[in-house]
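**Q** Mind having a look at this structure? Questions to follow.
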Amino acid sequence: MEESGIATNVARAIATAMDWTSSPDARASAHSYLETIKAGDTRVLANTSFILVKRDWSSEIRLHAFKMLQHLVRLRWDELNPAERRNFATVAVDLMSAIANPSEEWALKSQTAALVAEIVRREGLSLWQELLPSIITLSNMGPIQAELVSMTLRWLPEDITVHNEDLEGDRRRILLRALSQALSDIFPLLYTLLERHYGTAIMEAGRQQMDIAKQHAAAVIATVNAVNAYAEWAPLLDLAKYGIIYGCGFLLTSPDFRLHASEFFKLVSSRRRPVDDVADFDSAMRNVFEILMNVSKDFLYKCTPSSGSNESDFEFAECICESLVSLGSTHLQCIAADSTVLSNYLQQMLGFFQHFKLALHYQSLLFWLSLMRDLMAKSKSVLADDSNMGTGHADNEKKKMLALITDDICSAILDTCFCRMLKKEKVDSGMAPAAGALELWSDNFDGKVDFGQYRSRLLELIRFIASDKPLVAAAKVSEKITEVIRNLMLVHLPTKDLAMVESMHLALDNVVGSIFDGSNEYEKNSSEVQLLLHRTLEGLLQQLVALKWTEPTLVEILGHYLDALGPFLRYYPDAVGSVIKKLFELLTSLPFMVKDPSTSTARRARLQICTSFIRIAKAANGSLLPHMKEIASTMTYLQTEGVLLRAEQNILGEAFLIMASSAGVEQQQEVLRWLLEPLSKQWTQPEWQEAYLTDPASLVRLCADSQFMWSIFHTVTFFEKALKRSGYRKGGLTSENSSQTSSPPGHPMVSHLLWMMPPLLKLLRSVHSLWSSSVAQALPGEMRTAMIMSDAEKTSLLGEGKHTLSKGALNFSDGSPFDINKESYSELSGVDIRNWLRGIRESGYSILGLSATLGDSFFRCIDPHSVILALMGNIQYMEFRHIKQLVHSVLVPLIKYCPSDLWELWLEKLLNPLLNHVSGALSYSWSSLLQDGKAKVPDLHGVLAGSDLKVEVMEEKLLRDLTREICSFFSVLASPGLNPGLPSLEQAGQMSHMDHSKRDINAFACNSIVGFVLNNKNLGIPVLKICIEAFYWTDGEAMTKISSLCGQVILVAISTNNVELREFVCKDLFSAIIRGLTLESNAVISSDLVGLCREIFVYLSHRDPSPRQILLSLPCITHPDLLAFEEALSKTGSPKEQKQHMRSLLILATGSKLKALATQKGVNVITNVTTRSRNLDTAPESSRDEGETIGLAAII
């Protein structure tokens, strides 16, 4: 009676808690009461819940009661004695019989089955053996009972397949072991249920007893779902032995159950191959192959564009195709021995690849890519090492597989790839015949990749086939191009419908590039193959050269086709002359004067033709050398006639430099003289410099002279190209001292630096001066507009679009593309001036950076004062984005390549104004961001005002970008190549215990850039200030970059007797590092930061008391804790163990408030296991940005 009253109260509480019309107080009171019941006496909880699951109550109350029973079993089961647990289990099984009613809701059945499964999981295999007879008897009583039994069997392995936080690893292993032992009982039962109820469902449906048929069908579906719960982990041999694979394979023929059964095969096909019982596993997996191939054969035969298949058919086919792809990608060896089965499998995958449904084609594409990537890699490795006999069997299998990929298969794949490189949105209705019945890629396709990625995969597959079957690929691409050109000429399609014609140049580019890839693969072909390739591609080339296209769009496409054949010209130089002649013919066929925007396609086409010279010069290597004079004379003629734009001259000149690079330095010098002498005559004239570069007002006049302004721009950009194409040294420093850096012997650009630099530096200084406050206020409106960030740049900062802001294709303020290769035929706008200023800045900075790589030729010949004045004269007015650009493009190369004996002359005056300004600017902006939520940066002045969220996002992005660039610059300072004079940490540690070994910091100033900076207070103070403050900024990526410099500073402090530096490291830096560990954003670099703390304490605490004092000031540490820590350090010399002791102490001393260390476990950070190397240029990067800050005062 008492229990009945409690049950009534619980039912009332459940109803109140679930009734949203109840008052909040009432719902809260009901929840509290229910929690009291759940936490109270287990017997009361059990009895009450069993009362409430009966049919006397509403479904909501019954469901909640089942949840309460499951809570008891999962969390409080051990509070019941063995007899009570057995009684509980019996009552739960009886519930299954009671709830096996057609009128019961599915959710209640499911919860009943889940309860019984939970009990079995808790009690183990012994209870299962006791319940099995009852469960089998229950399953024989009817379809609803069978459905409940299958639900229970489906819930049993839930904790194996789905991670559960409440289940410990040991319990999960015990459950897995118990269920594995029970499979001999479970699988026969599941197979029996499948067989019985599938047959009965079909029979009853045939007798039109649909209600009964639906009950049996529900039992079949529940059984298949149960089978799927075991498919992921149960031994494949057991699945085969007890007929599960056969049974699910049979269901694939049933329209009602095939989707559920196909899920089973998706799970099985992705199983890993075991290390033992390989033969039996392969046999079972071969059976899976055969089942799926039989089904897919029927589908491919019946399903055609005209067959009228429904979406259900295609959904099922996707599942089958996905399983076949998984099998082929991981288990192809199971059928590799039978060439007939393997050949049939490949034919079916080809059928899916050719299928008109995009989803099926895309699944198969992944298989062919995986297969060809593997086969081509293995075939090349075999060719590279024929003597390797240990892999003979595998190699033979690969050769057999390649033999089965016939010419016909490759031809079919290529045909499909060519047709599918089109995007639905790009194809006009007039192109429908070319696309056929194919379902082309659409933006609506859910493939988890965009069209660009999809097309890249198609092109990668084309490259693999071209590498394996060069003759087939060359013939097919030539045939297709001939076809699309012929169709174009026959039907006279408008140029907007040229999707197929435009896409085929990509196919040609990849085919030719793969065949003639420069790795000597082509030369390994027989002479007969080479001859046939020559004939095929020469025939295509002759067709292209013979085309008389003059429409700008068609001319642009033809230029792409011609430059795609560049690698072919490397081996067949006889055809070069006709290509050059055709390119110039196309160039001169297009209008030169472009005023009307509607004819801008002609400008684009002209630039493309000139760019084709560059691509061919790169690809054809030395094949163009005999034609250089011809090209030069044609260029001269076009210049004389005035029909060659400056932008076009620059591109052709760049192509000339590429040609000359294959002929040696002497030829390069000759070409540079020919190209640069005409420019030098204008560039070095004092008249234009006096007229336009004397003050900011004169630069405004330059921007009003459109023709001369663009002429200057093209001159500067060509200087940049000349340096890039004349063999400047890429790559970073070696471990050698930078004082040994010198210009390469006979570098062709050396003789031109002296006349190039002075006007360029004046121009940059004038551009920089525009941003000074006094000058900016007096500028005309168009100039002020030009200095404001463009909409495209703002969009890029917000991450809202993919805008590429290169000099060659800048943007209007509204984000539309603008061709910076502009001449003097239209009025200038603020947008034009903005693009001009940006281009001059970028190219000017690049020229300085590239020139610095020439070493002595630059640093000993160029006046440092003029460089410093140009770059630093207005540094205080620079915007953050411009400072970032200056540091990256100019200062990093200057630091890297400046000879050490010139550091004082160049670097002190160059870095001092920069560091002082950046230190103050970053400090101010970060303080504003952390305190007010807004990073106040100069870049957005005049753009927008107020608290707009987008402005705040842009400001923070600009601040973080500059912060990371400065920290990256500091990591360059810390690089080993610039610090050869510093000892290793171990050497410094040994010297630190010997007073006579410690040197003055001055001793490192000539052979270590860090020593030089620290020895010069004008440089050292702002550098160390930034280092300290960086630990307070919530930017983990910046911290990863700056930590290497902190390590070098510690090293110098250990190695020298400088008291100020030692006090800074032991007090300021040590406390700042601990403060940095309170920020979660520093979790990614926390291991290195703990290592820095360890280095300071181990090597400097005996010389300075600050580290001990700082540790003892932390809130949760005692003096015995510190003594125990020091004793632990003294017992090990392992840096790894010492770092672990330091980490443990910091966690203890701060009461686990160091979020960077607490987060470490959650983000799965792998800490270093050795001492941090001083030979790394930069620390690992992270993209984690956190906005939260916690003061060190909260800990100390």
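We name chains A, B, ... following the order of the structure tokens; residues begin at 1 in each chain, and ligands are numbered from 1 as shown.
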Would you kindly return, as a PDB file with N, CA, C and O atoms, in the first residue's frame, each protein, DNA or RNA residue with an atom no farther than 12 Å from any atom of A:Ala7, considering only C-alpha atoms and excluding same-chain residues fewer than 4 positions away?

**A**
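File produced: around24.pdb:
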```pdb
ATOM      1  N   MET A   1       0.833  -1.196   0.000  1.00  0.00           N
ATOM      2  CA  MET A   1       0.000   0.000   0.000  1.00  0.00           C
ATOM      3  C   MET A   1       0.867   1.245   0.000  1.00  0.00           C
ATOM      4  O   MET A   1       0.625   2.205  -0.722  1.00  0.00           O
ATOM      5  N   GLU A   2       1.917   1.162   0.834  1.00  0.00           N
ATOM      6  CA  GLU A   2       2.836   2.297   0.907  1.00  0.00           C
ATOM      7  C   GLU A   2       3.527   2.512  -0.426  1.00  0.00           C
ATOM      8  O   GLU A   2       3.688   3.640  -0.890  1.00  0.00           O
ATOM      9  N   GLU A   3       3.950   1.387  -1.075  1.00  0.00           N
ATOM     10  CA  GLU A   3       4.631   1.488  -2.360  1.00  0.00           C
ATOM     11  C   GLU A   3       3.699   2.051  -3.421  1.00  0.00           C
ATOM     12  O   GLU A   3       4.112   2.813  -4.303  1.00  0.00           O
ATOM     13  N   ALA A  11       4.507   9.254 -10.094  1.00  0.00           N
ATOM     14  CA  ALA A  11       3.806   9.495 -11.357  1.00  0.00           C
ATOM     15  C   ALA A  11       3.369  10.948 -11.466  1.00  0.00           C
ATOM     16  O   ALA A  11       3.479  11.576 -12.535  1.00  0.00           O
ATOM     17  N   ARG A  12       2.850  11.500 -10.351  1.00  0.00           N
ATOM     18  CA  ARG A  12       2.439  12.897 -10.366  1.00  0.00           C
ATOM     19  C   ARG A  12       3.639  13.821 -10.612  1.00  0.00           C
ATOM     20  O   ARG A  12       3.545  14.802 -11.353  1.00  0.00           O
ATOM     21  N   ALA A  13       4.782  13.489 -10.003  1.00  0.00           N
ATOM     22  CA  ALA A  13       5.991  14.309 -10.195  1.00  0.00           C
ATOM     23  C   ALA A  13       6.483  14.244 -11.641  1.00  0.00           C
ATOM     24  O   ALA A  13       6.898  15.259 -12.218  1.00  0.00           O
ATOM     25  N   ILE A  14       6.424  13.040 -12.241  1.00  0.00           N
ATOM     26  CA  ILE A  14       6.844  12.902 -13.643  1.00  0.00           C
ATOM     27  C   ILE A  14       5.950  13.740 -14.544  1.00  0.00           C
ATOM     28  O   ILE A  14       6.415  14.463 -15.439  1.00  0.00           O
ATOM     29  N   LEU A  34      12.046  13.576  -7.812  1.00  0.00           N
ATOM     30  CA  LEU A  34      12.456  12.414  -8.596  1.00  0.00           C
ATOM     31  C   LEU A  34      13.920  12.058  -8.341  1.00  0.00           C
ATOM     32  O   LEU A  34      14.268  10.866  -8.251  1.00  0.00           O
ATOM     33  N   ILE A  37      14.110  10.153  -5.111  1.00  0.00           N
ATOM     34  CA  ILE A  37      13.724   8.754  -5.265  1.00  0.00           C
ATOM     35  C   ILE A  37      14.866   7.959  -5.899  1.00  0.00           C
ATOM     36  O   ILE A  37      15.198   6.844  -5.451  1.00  0.00           O
ATOM     37  N   VAL A  44      13.006   0.424  -2.949  1.00  0.00           N
ATOM     38  CA  VAL A  44      11.861   1.307  -3.194  1.00  0.00           C
ATOM     39  C   VAL A  44      11.882   1.794  -4.634  1.00  0.00           C
ATOM     40  O   VAL A  44      10.850   1.828  -5.321  1.00  0.00           O
ATOM     41  N   LEU A  45      13.071   2.172  -5.098  1.00  0.00           N
ATOM     42  CA  LEU A  45      13.217   2.631  -6.477  1.00  0.00           C
ATOM     43  C   LEU A  45      12.802   1.547  -7.464  1.00  0.00           C
ATOM     44  O   LEU A  45      12.054   1.804  -8.428  1.00  0.00           O
ATOM     45  N   ALA A  46      13.252   0.308  -7.207  1.00  0.00           N
ATOM     46  CA  ALA A  46      12.936  -0.794  -8.115  1.00  0.00           C
ATOM     47  C   ALA A  46      11.450  -1.100  -8.107  1.00  0.00           C
ATOM     48  O   ALA A  46      10.801  -1.198  -9.167  1.00  0.00           O
ATOM     49  N   ASN A  47      10.869  -1.272  -6.937  1.00  0.00           N
ATOM     50  CA  ASN A  47       9.463  -1.636  -6.846  1.00  0.00           C
ATOM     51  C   ASN A  47       8.558  -0.557  -7.426  1.00  0.00           C
ATOM     52  O   ASN A  47       7.577  -0.844  -8.130  1.00  0.00           O
ATOM     53  N   THR A  48       8.895   0.707  -7.111  1.00  0.00           N
ATOM     54  CA  THR A  48       8.099   1.824  -7.637  1.00  0.00           C
ATOM     55  C   THR A  48       8.157   1.862  -9.153  1.00  0.00           C
ATOM     56  O   THR A  48       7.133   2.044  -9.832  1.00  0.00           O
ATOM     57  N   SER A  49       9.345   1.702  -9.702  1.00  0.00           N
ATOM     58  CA  SER A  49       9.506   1.769 -11.158  1.00  0.00           C
ATOM     59  C   SER A  49       8.788   0.617 -11.842  1.00  0.00           C
ATOM     60  O   SER A  49       8.161   0.799 -12.899  1.00  0.00           O
ATOM     61  N   PHE A  50       8.852  -0.597 -11.264  1.00  0.00           N
ATOM     62  CA  PHE A  50       8.161  -1.731 -11.873  1.00  0.00           C
ATOM     63  C   PHE A  50       6.640  -1.525 -11.868  1.00  0.00           C
ATOM     64  O   PHE A  50       5.935  -1.985 -12.777  1.00  0.00           O
ATOM     65  N   ILE A  51       6.139  -0.843 -10.853  1.00  0.00           N
ATOM     66  CA  ILE A  51       4.704  -0.525 -10.836  1.00  0.00           C
ATOM     67  C   ILE A  51       4.360   0.429 -11.969  1.00  0.00           C
ATOM     68  O   ILE A  51       3.346   0.269 -12.669  1.00  0.00           O
ATOM     69  N   LEU A  52       5.240   1.430 -12.183  1.00  0.00           N
ATOM     70  CA  LEU A  52       4.929   2.487 -13.142  1.00  0.00           C
ATOM     71  C   LEU A  52       5.140   2.081 -14.604  1.00  0.00           C
ATOM     72  O   LEU A  52       4.722   2.822 -15.509  1.00  0.00           O
ATOM     73  N   VAL A  53       5.797   0.945 -14.879  1.00  0.00           N
ATOM     74  CA  VAL A  53       5.973   0.529 -16.267  1.00  0.00           C
ATOM     75  C   VAL A  53       4.771  -0.272 -16.764  1.00  0.00           C
ATOM     76  O   VAL A  53       4.715  -0.633 -17.960  1.00  0.00           O
ATOM     77  N   LYS A  54       3.806  -0.531 -15.905  1.00  0.00           N
ATOM     78  CA  LYS A  54       2.638  -1.307 -16.310  1.00  0.00           C
ATOM     79  C   LYS A  54       1.727  -0.457 -17.199  1.00  0.00           C
ATOM     80  O   LYS A  54       1.812   0.774 -17.230  1.00  0.00           O
ATOM     81  N   ASP A  56      -1.121   0.485 -16.891  1.00  0.00           N
ATOM     82  CA  ASP A  56      -2.098   1.344 -16.222  1.00  0.00           C
ATOM     83  C   ASP A  56      -1.731   2.826 -16.345  1.00  0.00           C
ATOM     84  O   ASP A  56      -2.572   3.696 -16.095  1.00  0.00           O
ATOM     85  N   TRP A  57      -0.503   3.095 -16.689  1.00  0.00           N
ATOM     86  CA  TRP A  57      -0.011   4.477 -16.690  1.00  0.00           C
ATOM     87  C   TRP A  57       0.172   4.969 -18.128  1.00  0.00           C
ATOM     88  O   TRP A  57       0.208   4.174 -19.060  1.00  0.00           O
ATOM     89  N   ILE A  61       4.897   8.417 -18.544  1.00  0.00           N
ATOM     90  CA  ILE A  61       5.275   7.940 -17.214  1.00  0.00           C
ATOM     91  C   ILE A  61       5.990   6.592 -17.322  1.00  0.00           C
ATOM     92  O   ILE A  61       6.999   6.345 -16.636  1.00  0.00           O
ATOM     93  N   ARG A  62       5.500   5.715 -18.161  1.00  0.00           N
ATOM     94  CA  ARG A  62       6.129   4.404 -18.324  1.00  0.00           C
ATOM     95  C   ARG A  62       7.558   4.537 -18.861  1.00  0.00           C
ATOM     96  O   ARG A  62       8.474   3.852 -18.388  1.00  0.00           O
ATOM     97  N   ALA A  65       9.780   5.660 -16.161  1.00  0.00           N
ATOM     98  CA  ALA A  65      10.019   4.571 -15.208  1.00  0.00           C
ATOM     99  C   ALA A  65      11.068   3.603 -15.735  1.00  0.00           C
ATOM    100  O   ALA A  65      11.908   3.098 -14.964  1.00  0.00           O
TER     101      ALA A  65
END
```

**Q** List the neighbours of A:Leu798 out to 9 Å using only C-alpha atoms; skip same-chain residues closer than 3 positions along the sequence, and give me the result as a list in words.

**A**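 Everything that qualifies: Glu793, Lys794, Thr795, Gly801, Lys950, Val953, Met954 and Lys957 of chain A.
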
**Q** Tell me, which residues of stretch 810-937 of chain A carry DSSP strand (DSSP E or B), written as a PyMOL selection string?

**A** chain A and resi 810-811+817-818

**Q** Counting only C-alpha atoms, what is within 10 Å of stretch 921-934 of chain A, bar same-chain residues fewer than 3 positions away, as a ChimeraX atom specification?

**A** /A:876,880,915-918,937-938,947,949,951-956,959-960,962-963,966,1025-1026,1029-1030,1032-1034,1187-1189

**Q** I'd like the contact shell of A:Val341 - 10 Å cut-off, only C-alpha atoms, skipping same-chain residues fewer than 3 positions apart - returned as a list in words.

**A** Arg286, Phe289, Glu290, Met293, Ile335, Ala336, Ala337, Asp338, Asn344, Tyr345, Leu346 and Gln347 of chain A

**Q** If you keep all heavy atoms, can you produce a file of those selected residues as a compact mmCIF listing (two decimals), in the first residue's frame?

**A**
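Listing of again32.txt after writing:
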```
# COMPACT_ATOMS: atom_id res chain seq x y z
N ARG A 286 36.13 -13.09 -49.71
CA ARG A 286 35.86 -13.38 -51.12
C ARG A 286 34.37 -13.67 -51.32
O ARG A 286 33.77 -13.25 -52.31
CB ARG A 286 36.69 -14.58 -51.57
CG ARG A 286 36.42 -15.02 -53.01
CD ARG A 286 37.07 -16.37 -53.29
NE ARG A 286 36.63 -16.90 -54.56
CZ ARG A 286 37.31 -16.81 -55.70
NH1 ARG A 286 38.48 -16.20 -55.72
NH2 ARG A 286 36.84 -17.34 -56.82
N PHE A 289 32.71 -10.41 -51.52
CA PHE A 289 32.90 -9.88 -52.87
C PHE A 289 31.85 -10.45 -53.82
O PHE A 289 31.18 -9.72 -54.56
CB PHE A 289 34.30 -10.26 -53.39
CG PHE A 289 35.34 -9.21 -53.20
CD1 PHE A 289 36.28 -9.32 -52.19
CD2 PHE A 289 35.41 -8.11 -54.04
CE1 PHE A 289 37.27 -8.36 -52.03
CE2 PHE A 289 36.39 -7.15 -53.88
CZ PHE A 289 37.32 -7.27 -52.87
N GLU A 290 31.72 -11.77 -53.82
CA GLU A 290 30.84 -12.42 -54.78
C GLU A 290 29.38 -12.02 -54.57
O GLU A 290 28.65 -11.79 -55.54
CB GLU A 290 31.00 -13.94 -54.67
CG GLU A 290 32.37 -14.44 -55.14
CD GLU A 290 32.58 -15.92 -54.85
OE1 GLU A 290 31.76 -16.49 -54.10
OE2 GLU A 290 33.57 -16.49 -55.36
N MET A 293 29.02 -8.40 -55.78
CA MET A 293 29.18 -8.31 -57.23
C MET A 293 27.95 -8.85 -57.96
O MET A 293 27.55 -8.32 -59.01
CB MET A 293 30.44 -9.06 -57.67
CG MET A 293 31.74 -8.34 -57.31
SD MET A 293 33.21 -9.35 -57.56
CE MET A 293 33.11 -9.64 -59.33
N ILE A 335 40.73 -11.55 -53.87
CA ILE A 335 40.29 -12.08 -55.17
C ILE A 335 41.40 -11.95 -56.22
O ILE A 335 41.17 -12.27 -57.38
CB ILE A 335 39.03 -11.35 -55.66
CG1 ILE A 335 39.28 -9.85 -55.81
CG2 ILE A 335 37.85 -11.62 -54.75
CD1 ILE A 335 38.14 -9.11 -56.49
N ALA A 336 42.58 -11.52 -55.79
CA ALA A 336 43.65 -11.26 -56.75
C ALA A 336 44.11 -12.54 -57.44
O ALA A 336 44.57 -12.50 -58.60
CB ALA A 336 44.83 -10.58 -56.06
N ALA A 337 44.00 -13.67 -56.77
CA ALA A 337 44.49 -14.93 -57.35
C ALA A 337 43.60 -15.42 -58.49
O ALA A 337 44.04 -16.18 -59.35
CB ALA A 337 44.59 -16.00 -56.28
N ASP A 338 42.35 -15.00 -58.52
CA ASP A 338 41.41 -15.43 -59.56
C ASP A 338 41.23 -14.30 -60.55
O ASP A 338 40.49 -13.34 -60.30
CB ASP A 338 40.08 -15.82 -58.92
CG ASP A 338 39.14 -16.52 -59.90
OD1 ASP A 338 39.23 -16.24 -61.11
OD2 ASP A 338 38.33 -17.34 -59.44
N ASN A 344 36.12 -9.28 -63.53
CA ASN A 344 34.71 -8.92 -63.41
C ASN A 344 34.51 -7.78 -62.42
O ASN A 344 33.68 -6.88 -62.63
CB ASN A 344 33.89 -10.13 -62.97
CG ASN A 344 33.77 -11.18 -64.06
OD1 ASN A 344 33.92 -10.87 -65.25
ND2 ASN A 344 33.53 -12.43 -63.67
N TYR A 345 35.26 -7.84 -61.34
CA TYR A 345 35.16 -6.76 -60.34
C TYR A 345 35.56 -5.42 -60.96
O TYR A 345 34.87 -4.41 -60.79
CB TYR A 345 36.04 -7.07 -59.14
CG TYR A 345 36.14 -5.93 -58.16
CD1 TYR A 345 35.10 -5.64 -57.28
CD2 TYR A 345 37.27 -5.12 -58.11
CE1 TYR A 345 35.18 -4.59 -56.38
CE2 TYR A 345 37.36 -4.07 -57.22
CZ TYR A 345 36.32 -3.80 -56.37
OH TYR A 345 36.39 -2.75 -55.50
N LEU A 346 36.68 -5.40 -61.68
CA LEU A 346 37.14 -4.16 -62.31
C LEU A 346 36.12 -3.65 -63.32
O LEU A 346 35.89 -2.44 -63.43
CB LEU A 346 38.50 -4.38 -62.98
CG LEU A 346 39.68 -4.67 -62.04
CD1 LEU A 346 40.94 -4.96 -62.84
CD2 LEU A 346 39.92 -3.52 -61.08
N GLN A 347 35.49 -4.56 -64.06
CA GLN A 347 34.48 -4.15 -65.02
C GLN A 347 33.28 -3.52 -64.32
O GLN A 347 32.69 -2.54 -64.81
CB GLN A 347 34.04 -5.35 -65.86
CG GLN A 347 35.06 -5.82 -66.89
CD GLN A 347 35.31 -4.79 -67.98
OE1 GLN A 347 34.45 -3.96 -68.28
NE2 GLN A 347 36.50 -4.85 -68.58
```

**Q** When DSSP works through the backbone of this structure, what residues of stretch 817-997 of chain A end up as helix (DSSP H, G or I), shown as JSON, numbers by chain?

**A** {"A": [830, 831, 832, 833, 834, 835, 836, 837, 838, 839, 840, 841, 842, 843, 844, 845, 846, 847, 848, 849, 850, 851, 852, 856, 857, 858, 859, 864, 865, 866, 867, 868, 869, 870, 871, 872, 875, 876, 877, 880, 881, 882, 883, 884, 885, 886, 887, 888, 889, 890, 891, 892, 893, 894, 895, 896, 897, 900, 901, 902, 903, 904, 905, 906, 907, 908, 909, 910, 911, 912, 913, 914, 915, 916, 917, 918, 919, 920, 921, 922, 923, 924, 925, 926, 927, 928, 929, 930, 931, 932, 938, 939, 940, 949, 950, 951, 952, 953, 954, 955, 956, 957, 958, 959, 960, 961, 962, 963, 964, 965, 966, 967, 968, 969, 970, 971, 972, 973, 976, 977, 978, 985, 986, 987, 988, 989, 990, 991, 992, 995, 996, 997]}

**Q** Would you write out, as a tab-separated table, a table of all residues in stretch 165-222 of chain A that have an atom no more than 12 Å from an atom of stretch 88-106 of chain A, listing for each the closest atom pair and the distance in Å to one decimal, considering only C-alpha atoms and ordering rows by chain and rising residue number?

**A**
```
residue	atom	partner	partner_atom	distance
A:Asp211	CA	A:Pro102	CA	9.8
A:Ile212	CA	A:Pro102	CA	10.0
A:Lys214	CA	A:Pro102	CA	10.7
A:Gln215	CA	A:Pro102	CA	8.2
A:His216	CA	A:Pro102	CA	11.6
A:Ala218	CA	A:Trp106	CA	10.4
A:Ala219	CA	A:Ala100	CA	11.9
A:Ala222	CA	A:Trp106	CA	11.2
```

**Q** Using only C-alpha atoms, determine which residues lie at most 10 Å from A:Ala722, disregarding the query and same-chain residues fewer than 5 positions distant; provide the list as a count of residues only.

**A** 16

**Q** Please provide the set of residues having any atom within 8 Å of A:Trp441, restricted to only C-alpha atoms, with same-chain residues fewer than 2 positions apart removed, written as a list in words.

**A**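 Near A:Trp441, the qualifying residues are Leu358, Arg420, Leu422, Lys423, Lys424, Glu439, Asp443, Phe445 and Phe451 of chain A.
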
**Q** How would the residues just chosen look if you wrote them out with N, CA, C and O atoms as an mmCIF file, in the first residue's frame?

**A**
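And here's out-v3.cif as it stands now:
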```cif
data_model
loop_
_atom_site.group_PDB
_atom_site.id
_atom_site.type_symbol
_atom_site.label_atom_id
_atom_site.label_comp_id
_atom_site.auth_asym_id
_atom_site.auth_seq_id
_atom_site.Cartn_x
_atom_site.Cartn_y
_atom_site.Cartn_z
ATOM 1 N N LEU A 358 25.714 10.797 -60.532
ATOM 2 C CA LEU A 358 26.965 11.388 -60.037
ATOM 3 C C LEU A 358 27.455 10.694 -58.773
ATOM 4 O O LEU A 358 28.657 10.458 -58.611
ATOM 5 N N ARG A 420 33.132 14.599 -67.564
ATOM 6 C CA ARG A 420 32.708 14.999 -66.222
ATOM 7 C C ARG A 420 33.514 16.163 -65.653
ATOM 8 O O ARG A 420 33.319 16.532 -64.501
ATOM 9 N N LEU A 422 33.040 18.989 -66.449
ATOM 10 C CA LEU A 422 32.126 20.116 -66.582
ATOM 11 C C LEU A 422 31.285 20.243 -65.322
ATOM 12 O O LEU A 422 30.937 19.250 -64.688
ATOM 13 N N LYS A 423 30.919 21.462 -65.016
ATOM 14 C CA LYS A 423 30.036 21.736 -63.893
ATOM 15 C C LYS A 423 28.663 22.120 -64.429
ATOM 16 O O LYS A 423 28.555 22.861 -65.405
ATOM 17 N N LYS A 424 27.617 21.592 -63.793
ATOM 18 C CA LYS A 424 26.272 21.797 -64.307
ATOM 19 C C LYS A 424 25.944 23.271 -64.475
ATOM 20 O O LYS A 424 25.359 23.684 -65.481
ATOM 21 N N GLU A 439 24.603 13.016 -65.137
ATOM 22 C CA GLU A 439 24.246 13.952 -64.072
ATOM 23 C C GLU A 439 25.539 14.660 -63.664
ATOM 24 O O GLU A 439 26.364 14.092 -62.945
ATOM 25 N N ASP A 443 26.441 22.314 -57.467
ATOM 26 C CA ASP A 443 26.735 22.844 -56.131
ATOM 27 C C ASP A 443 25.869 22.188 -55.062
ATOM 28 O O ASP A 443 26.180 22.250 -53.875
ATOM 29 N N PHE A 445 25.366 18.992 -54.833
ATOM 30 C CA PHE A 445 25.813 17.632 -54.563
ATOM 31 C C PHE A 445 26.501 17.560 -53.205
ATOM 32 O O PHE A 445 27.402 18.342 -52.915
ATOM 33 N N PHE A 451 33.745 21.516 -56.164
ATOM 34 C CA PHE A 451 33.990 21.092 -57.538
ATOM 35 C C PHE A 451 35.480 21.101 -57.865
ATOM 36 O O PHE A 451 35.978 20.219 -58.587
#
```

**Q** Out of A:Pro1135, A:Gly989, A:Gly351, A:Pro573, which residue has the shortest atom-to-atom distance to A:Arg1094 when counting only C-alpha atoms?

**A**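 For A:Arg1094, the nearest of the given residues is A:Pro1135.
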
**Q** Please provide as a ChimeraX atom specification all residues within 12 Å of stretch 585-589 of chain A, with the sequence filter that same-chain residues fewer than 5 positions apart are discarded (counting only C-alpha atoms).

**A** /A:544-559,562,578-580,602-613,634-635,637-639,641-645,648,652

**Q** Distance atom CA of A:Asn510-atom CA of A:Leu459, one decimal place?

**A** 6.6 Å

**Q** Go through A:Ser857, A:Ser32, A:Ser711, A:Ser772 and flag the residue nearest A:His752, using only C-alpha atoms for the distances.

**A** A:Ser857
